[in-house]
file coords.pdb (PDB, C-alpha atoms, pLDDT in the B column)
MODEL        1
ATOM      1  CA  MET Q   1      15.586 113.980   1.242  1.00 45.00           C
ATOM      2  CA  THR Q   2      17.615 112.936  -1.797  1.00 44.00           C
ATOM      3  CA  THR Q   3      16.463 114.256  -5.135  1.00 42.00           C
ATOM      4  CA  PRO Q   4      16.965 112.277  -8.377  1.00 42.00           C
ATOM      5  CA  GLN Q   5      19.597 114.812  -9.442  1.00 42.00           C
ATOM      6  CA  GLN Q   6      21.607 114.188  -6.262  1.00 39.00           C
ATOM      7  CA  THR Q   7      21.390 110.444  -6.741  1.00 37.00           C
ATOM      8  CA  GLN Q   8      22.676 110.636 -10.312  1.00 38.00           C
ATOM      9  CA  THR Q   9      25.588 112.940  -9.505  1.00 36.00           C
ATOM     10  CA  ALA Q  10      26.986 110.925  -6.607  1.00 38.00           C
ATOM     11  CA  PRO Q  11      30.393 109.478  -7.514  1.00 37.00           C
ATOM     12  CA  PRO Q  12      30.469 105.690  -8.007  1.00 38.00           C
ATOM     13  CA  SER Q  13      32.973 105.393  -5.152  1.00 36.00           C
ATOM     14  CA  ALA Q  14      30.312 106.710  -2.771  1.00 37.00           C
ATOM     15  CA  ALA Q  15      28.462 103.409  -3.057  1.00 40.00           C
ATOM     16  CA  ARG Q  16      29.823 100.760  -0.736  1.00 47.00           C
ATOM     17  CA  ALA Q  17      28.962  97.988  -3.131  1.00 51.00           C
ATOM     18  CA  ARG Q  18      30.808  95.198  -4.826  1.00 52.00           C
ATOM     19  CA  ASN Q  19      29.743  93.873  -8.183  1.00 50.00           C
ATOM     20  CA  SER Q  20      29.128  90.214  -8.907  1.00 46.00           C
ATOM     21  CA  ALA Q  21      30.716  90.452 -12.343  1.00 45.00           C
ATOM     22  CA  LEU Q  22      33.968  89.170 -10.836  1.00 38.00           C
ATOM     23  CA  PRO Q  23      34.936  86.606  -9.768  1.00 43.00           C
ATOM     24  CA  LEU Q  24      33.089  84.181 -12.008  1.00 40.00           C
ATOM     25  CA  GLU Q  25      34.119  81.244  -9.872  1.00 42.00           C
ATOM     26  CA  PRO Q  26      32.382  80.765  -6.515  1.00 40.00           C
ATOM     27  CA  THR Q  27      34.282  82.336  -3.677  1.00 40.00           C
ATOM     28  CA  GLY Q  28      32.623  80.384  -0.880  1.00 41.00           C
ATOM     29  CA  ALA Q  29      31.363  81.841   2.327  1.00 42.00           C
ATOM     30  CA  CYS Q  30      33.823  84.137   4.040  1.00 46.00           C
ATOM     31  CA  PRO Q  31      34.181  83.060   7.655  1.00 47.00           C
ATOM     32  CA  ARG Q  32      34.110  85.878  10.162  1.00 49.00           C
ATOM     33  CA  ARG Q  33      36.925  86.111  12.639  1.00 48.00           C
ATOM     34  CA  ASP Q  34      36.617  87.539  16.131  1.00 55.00           C
ATOM     35  CA  ASP Q  35      39.633  89.821  15.636  1.00 56.00           C
ATOM     36  CA  GLN Q  36      38.053  91.615  12.642  1.00 59.00           C
ATOM     37  CA  PRO Q  37      35.486  94.379  13.010  1.00 64.00           C
ATOM     38  CA  SER Q  38      31.986  93.183  12.293  1.00 84.00           C
ATOM     39  CA  VAL Q  39      30.650  94.109   8.873  1.00 89.00           C
ATOM     40  CA  THR Q  40      26.993  93.767   8.011  1.00 93.00           C
ATOM     41  CA  ARG Q  41      26.754  92.201   4.565  1.00 94.00           C
ATOM     42  CA  ILE Q  42      23.720  92.747   2.358  1.00 96.00           C
ATOM     43  CA  LEU Q  43      23.286  90.759  -0.830  1.00 95.00           C
ATOM     44  CA  GLY Q  44      21.462  92.841  -3.420  1.00 95.00           C
ATOM     45  CA  ILE Q  45      19.802  90.841  -6.186  1.00 93.00           C
ATOM     46  CA  VAL Q  46      18.850  92.633  -9.381  1.00 90.00           C
ATOM     47  CA  GLY Q  47      15.727  90.850 -10.603  1.00 89.00           C
ATOM     48  CA  SER Q  48      15.740  92.425 -14.051  1.00 87.00           C
ATOM     49  CA  LEU Q  49      17.585  91.148 -17.098  1.00 85.00           C
ATOM     50  CA  ARG Q  50      18.036  94.658 -18.517  1.00 84.00           C
ATOM     51  CA  HIS Q  51      21.495  96.104 -17.966  1.00 81.00           C
ATOM     52  CA  ASP Q  52      20.255  99.649 -17.327  1.00 85.00           C
ATOM     53  CA  SER Q  53      17.128  98.735 -15.353  1.00 88.00           C
ATOM     54  CA  HIS Q  54      15.456 100.892 -12.743  1.00 91.00           C
ATOM     55  CA  ASN Q  55      15.883  97.983 -10.319  1.00 91.00           C
ATOM     56  CA  ARG Q  56      19.660  98.158 -10.651  1.00 90.00           C
ATOM     57  CA  LYS Q  57      19.470 101.916 -10.065  1.00 92.00           C
ATOM     58  CA  LEU Q  58      17.393 101.316  -6.911  1.00 93.00           C
ATOM     59  CA  LEU Q  59      20.054  98.990  -5.511  1.00 93.00           C
ATOM     60  CA  ASP Q  60      22.768 101.515  -6.403  1.00 92.00           C
ATOM     61  CA  ALA Q  61      20.814 104.163  -4.485  1.00 93.00           C
ATOM     62  CA  ALA Q  62      20.404 101.805  -1.518  1.00 94.00           C
ATOM     63  CA  ALA Q  63      24.146 101.133  -1.522  1.00 93.00           C
ATOM     64  CA  ARG Q  64      24.865 104.867  -1.298  1.00 93.00           C
ATOM     65  CA  THR Q  65      22.777 105.142   1.876  1.00 93.00           C
ATOM     66  CA  LEU Q  66      24.529 102.376   3.808  1.00 93.00           C
ATOM     67  CA  ARG Q  67      25.964 103.209   7.182  1.00 91.00           C
ATOM     68  CA  PRO Q  68      29.657 102.637   7.907  1.00 92.00           C
ATOM     69  CA  GLY Q  69      30.305  98.998   8.703  1.00 92.00           C
ATOM     70  CA  THR Q  70      27.776  97.849   6.100  1.00 94.00           C
ATOM     71  CA  GLU Q  71      28.518  96.611   2.605  1.00 94.00           C
ATOM     72  CA  MET Q  72      26.350  95.498  -0.276  1.00 93.00           C
ATOM     73  CA  VAL Q  73      27.340  92.799  -2.731  1.00 91.00           C
ATOM     74  CA  LEU Q  74      25.325  93.030  -5.950  1.00 90.00           C
ATOM     75  CA  PHE Q  75      24.271  89.945  -7.878  1.00 87.00           C
ATOM     76  CA  GLU Q  76      23.664  91.015 -11.460  1.00 80.00           C
ATOM     77  CA  ARG Q  77      24.188  87.673 -13.195  1.00 84.00           C
ATOM     78  CA  ILE Q  78      20.610  86.449 -12.949  1.00 88.00           C
ATOM     79  CA  LYS Q  79      20.611  85.713 -16.686  1.00 90.00           C
ATOM     80  CA  GLU Q  80      23.193  82.968 -16.004  1.00 92.00           C
ATOM     81  CA  ILE Q  81      20.958  81.092 -13.555  1.00 92.00           C
ATOM     82  CA  PRO Q  82      19.415  78.026 -15.207  1.00 93.00           C
ATOM     83  CA  PRO Q  83      16.011  76.613 -14.287  1.00 93.00           C
ATOM     84  CA  PHE Q  84      16.251  74.454 -11.170  1.00 92.00           C
ATOM     85  CA  ASP Q  85      16.878  70.786 -11.872  1.00 90.00           C
ATOM     86  CA  GLU Q  86      17.357  68.416  -8.954  1.00 92.00           C
ATOM     87  CA  ASP Q  87      19.738  66.343 -11.100  1.00 92.00           C
ATOM     88  CA  ASP Q  88      22.072  69.356 -11.378  1.00 89.00           C
ATOM     89  CA  GLU Q  89      21.932  70.253  -7.686  1.00 89.00           C
ATOM     90  CA  PRO Q  90      25.143  68.393  -6.672  1.00 90.00           C
ATOM     91  CA  ASP Q  91      27.167  70.194  -9.396  1.00 92.00           C
ATOM     92  CA  PRO Q  92      25.617  73.649  -9.919  1.00 92.00           C
ATOM     93  CA  THR Q  93      26.819  76.201 -12.469  1.00 92.00           C
ATOM     94  CA  PRO Q  94      29.406  78.770 -11.279  1.00 92.00           C
ATOM     95  CA  ALA Q  95      26.716  81.477 -11.067  1.00 90.00           C
ATOM     96  CA  VAL Q  96      24.501  79.278  -8.869  1.00 93.00           C
ATOM     97  CA  ALA Q  97      27.455  78.322  -6.658  1.00 92.00           C
ATOM     98  CA  TRP Q  98      28.435  81.988  -6.280  1.00 90.00           C
ATOM     99  CA  LEU Q  99      24.864  82.989  -5.423  1.00 92.00           C
ATOM    100  CA  ARG Q 100      24.567  80.231  -2.821  1.00 92.00           C
ATOM    101  CA  ALA Q 101      27.869  81.220  -1.203  1.00 93.00           C
ATOM    102  CA  GLN Q 102      26.889  84.883  -1.057  1.00 92.00           C
ATOM    103  CA  ILE Q 103      23.482  84.076   0.441  1.00 94.00           C
ATOM    104  CA  ALA Q 104      25.176  81.928   3.094  1.00 94.00           C
ATOM    105  CA  ASP Q 105      27.527  84.805   3.954  1.00 93.00           C
ATOM    106  CA  ALA Q 106      24.910  87.576   3.886  1.00 95.00           C
ATOM    107  CA  ASP Q 107      23.218  89.053   6.923  1.00 96.00           C
ATOM    108  CA  ALA Q 108      20.343  90.231   4.715  1.00 95.00           C
ATOM    109  CA  VAL Q 109      19.098  89.922   1.143  1.00 95.00           C
ATOM    110  CA  LEU Q 110      17.559  92.865  -0.712  1.00 95.00           C
ATOM    111  CA  ILE Q 111      15.797  92.120  -4.010  1.00 93.00           C
ATOM    112  CA  ALA Q 112      14.825  94.845  -6.485  1.00 92.00           C
ATOM    113  CA  THR Q 113      12.677  93.360  -9.225  1.00 90.00           C
ATOM    114  CA  PRO Q 114      10.065  94.308 -11.749  1.00 87.00           C
ATOM    115  CA  GLU Q 115       6.554  92.916 -11.549  1.00 84.00           C
ATOM    116  CA  TYR Q 116       5.674  90.489 -14.298  1.00 82.00           C
ATOM    117  CA  ASN Q 117       2.027  89.495 -14.808  1.00 82.00           C
ATOM    118  CA  GLY Q 118       1.235  90.123 -11.155  1.00 81.00           C
ATOM    119  CA  SER Q 119       4.173  88.067  -9.887  1.00 80.00           C
ATOM    120  CA  LEU Q 120       7.952  87.748  -9.994  1.00 84.00           C
ATOM    121  CA  PRO Q 121       9.811  87.375 -13.287  1.00 85.00           C
ATOM    122  CA  GLY Q 122      10.570  83.761 -14.201  1.00 84.00           C
ATOM    123  CA  GLN Q 123      14.338  84.285 -14.096  1.00 88.00           C
ATOM    124  CA  LEU Q 124      14.156  85.486 -10.489  1.00 89.00           C
ATOM    125  CA  LYS Q 125      11.965  82.514  -9.604  1.00 88.00           C
ATOM    126  CA  ASN Q 126      14.679  80.252 -11.041  1.00 88.00           C
ATOM    127  CA  ALA Q 127      17.277  81.902  -8.805  1.00 90.00           C
ATOM    128  CA  LEU Q 128      15.075  81.558  -5.721  1.00 89.00           C
ATOM    129  CA  ASP Q 129      14.479  77.868  -6.500  1.00 91.00           C
ATOM    130  CA  TRP Q 130      18.201  77.140  -6.271  1.00 88.00           C
TER
ENDMDL
END
call {"tool": "encode", "arguments": {"input": "coords.pdb", "output": "structure tokens"}}
result
Amino acid sequence: MTTPQQTQTAPPSAARARNSALPLEPTGACPRRDDQPSVTRILGIVGSLRHDSHNRKLLDAAARTLRPGTEMVLFERIKEIPPFDEDDEPDPTPAVAWLRAQIADADAVLIATPEYNGSLPGQLKNALDW
């Protein structure tokens, strides 16, 4: 069993995770080719607006436990997601376009979020609406 001390001392390179900070432009879904080894892609969504949130730390810990052949892409730009507006749907913001592309390419989505008044935070609800 991993203790909190072990989790904190693991080198950042131990986590098989990519950060959503770059690129800012949508990358589109990455098509899988038959000649490449299969990689299971997990999209981790940080549902907190705080930079140093416990939810971010939970996703970091999850990334460190991934088996070989599995990668986690972290979406930490939830603050950039505007409220859903059907009029904006054809031309979404870069953050919305990136999130959509990563969801389309993911094999699974893992959300770590705080509870807010017995429900999800409003910013996460905005992201899920898109």
call {"tool": "residues_around", "arguments": {"input": "coords.pdb", "residues": "Thr40 in chain Q", "least_positions_apart": "4", "cutoff": "12 Å", "atoms": "all atoms listed in the file", "output": "list in words"}}
result
Arg16, Arg32, Leu66, Arg67, Pro68, Gly69, Thr70, Glu71, Met72, Val73, Asp105, Ala106, Asp107, Ala108 and Val109 of chain Q
call {"tool": "write_last_selection", "arguments": {"input": "coords.pdb", "atoms": "C-alpha atoms", "output": "PDB file, in the coordinates of the input"}}
result
ATOM      1  CA  ARG Q  16      29.823 100.760  -0.736  1.00 47.00           C
ATOM      2  CA  ARG Q  32      34.110  85.878  10.162  1.00 49.00           C
ATOM      3  CA  LEU Q  66      24.529 102.376   3.808  1.00 93.00           C
ATOM      4  CA  ARG Q  67      25.964 103.209   7.182  1.00 91.00           C
ATOM      5  CA  PRO Q  68      29.657 102.637   7.907  1.00 92.00           C
ATOM      6  CA  GLY Q  69      30.305  98.998   8.703  1.00 92.00           C
ATOM      7  CA  THR Q  70      27.776  97.849   6.100  1.00 94.00           C
ATOM      8  CA  GLU Q  71      28.518  96.611   2.605  1.00 94.00           C
ATOM      9  CA  MET Q  72      26.350  95.498  -0.276  1.00 93.00           C
ATOM     10  CA  VAL Q  73      27.340  92.799  -2.731  1.00 91.00           C
ATOM     11  CA  ASP Q 105      27.527  84.805   3.954  1.00 93.00           C
ATOM     12  CA  ALA Q 106      24.910  87.576   3.886  1.00 95.00           C
ATOM     13  CA  ASP Q 107      23.218  89.053   6.923  1.00 96.00           C
ATOM     14  CA  ALA Q 108      20.343  90.231   4.715  1.00 95.00           C
ATOM     15  CA  VAL Q 109      19.098  89.922   1.143  1.00 95.00           C
TER      16      VAL Q 109
END
call {"tool": "resolve_selection", "arguments": {"input": "coords.pdb", "expression": "the PyMOL selection byres ((chain Q and resi 55) around 8)", "output": "PyMOL selection string"}}
result
chain Q and resi 46-48+53-54+56-59+112-114
call {"tool": "atom_distance", "arguments": {"input": "coords.pdb", "atom1": "CA of Ala127 in chain Q", "atom2": "CA of Asp88 in chain Q"}}
result
13.7 Å
call {"tool": "resolve_selection", "arguments": {"input": "coords.pdb", "expression": "the PyMOL selection byres ((chain Q and resi 125) around 12)", "output": "tab-separated table (two decimals) with C-alpha atoms, keeping the file's coordinate frame"}}
result
chain	number	residue	atom	x	y	z
Q	45	ILE	CA	19.80	90.84	-6.19
Q	47	GLY	CA	15.73	90.85	-10.60
Q	48	SER	CA	15.74	92.42	-14.05
Q	78	ILE	CA	20.61	86.45	-12.95
Q	79	LYS	CA	20.61	85.71	-16.69
Q	81	ILE	CA	20.96	81.09	-13.56
Q	82	PRO	CA	19.42	78.03	-15.21
Q	83	PRO	CA	16.01	76.61	-14.29
Q	84	PHE	CA	16.25	74.45	-11.17
Q	111	ILE	CA	15.80	92.12	-4.01
Q	113	THR	CA	12.68	93.36	-9.22
Q	115	GLU	CA	6.55	92.92	-11.55
Q	116	TYR	CA	5.67	90.49	-14.30
Q	119	SER	CA	4.17	88.07	-9.89
Q	120	LEU	CA	7.95	87.75	-9.99
Q	121	PRO	CA	9.81	87.38	-13.29
Q	122	GLY	CA	10.57	83.76	-14.20
Q	123	GLN	CA	14.34	84.28	-14.10
Q	124	LEU	CA	14.16	85.49	-10.49
Q	126	ASN	CA	14.68	80.25	-11.04
Q	127	ALA	CA	17.28	81.90	-8.80
Q	128	LEU	CA	15.08	81.56	-5.72
Q	129	ASP	CA	14.48	77.87	-6.50
Q	130	TRP	CA	18.20	77.14	-6.27
call {"tool": "atom_distance", "arguments": {"input": "coords.pdb", "atom1": "CA of Ala101 in chain Q", "atom2": "CA of Asp87 in chain Q"}}
result
19.6 Å
call {"tool": "atom_distance", "arguments": {"input": "coords.pdb", "atom1": "CA of Pro94 in chain Q", "atom2": "CA of Ala61 in chain Q"}}
result
27.7 Å
call {"tool": "axis_aligned_box", "arguments": {"input": "coords.pdb", "around": "range 43-51 of chain Q", "padding_each_side": "8 Å", "output": "AutoDock Vina command-line options"}}
result
--center_x 19.5 --center_y 93.4 --center_z -9.7 --size_x 23.6 --size_y 21.3 --size_z 33.7
call {"tool": "closest_residue", "arguments": {"input": "coords.pdb", "among": "Q:Glu80, Q:Ala63, Q:Arg50, Q:Ser38", "to": "Val96 in chain Q", "atoms": "only C-alpha atoms"}}
result
Q:Glu80
call {"tool": "closest_residue", "arguments": {"input": "coords.pdb", "among": "Q:Glu89, Q:Asn117, Q:Ala62, Q:Asp52", "to": "Leu74 in chain Q", "atoms": "all atoms listed in the file"}}
result
Q:Ala62
call {"tool": "closest_residue", "arguments": {"input": "coords.pdb", "among": "Q:Ala97, Q:Ala104, Q:Pro92, Q:Gly44", "to": "Glu76 in chain Q", "atoms": "all atoms listed in the file"}}
result
Q:Gly44
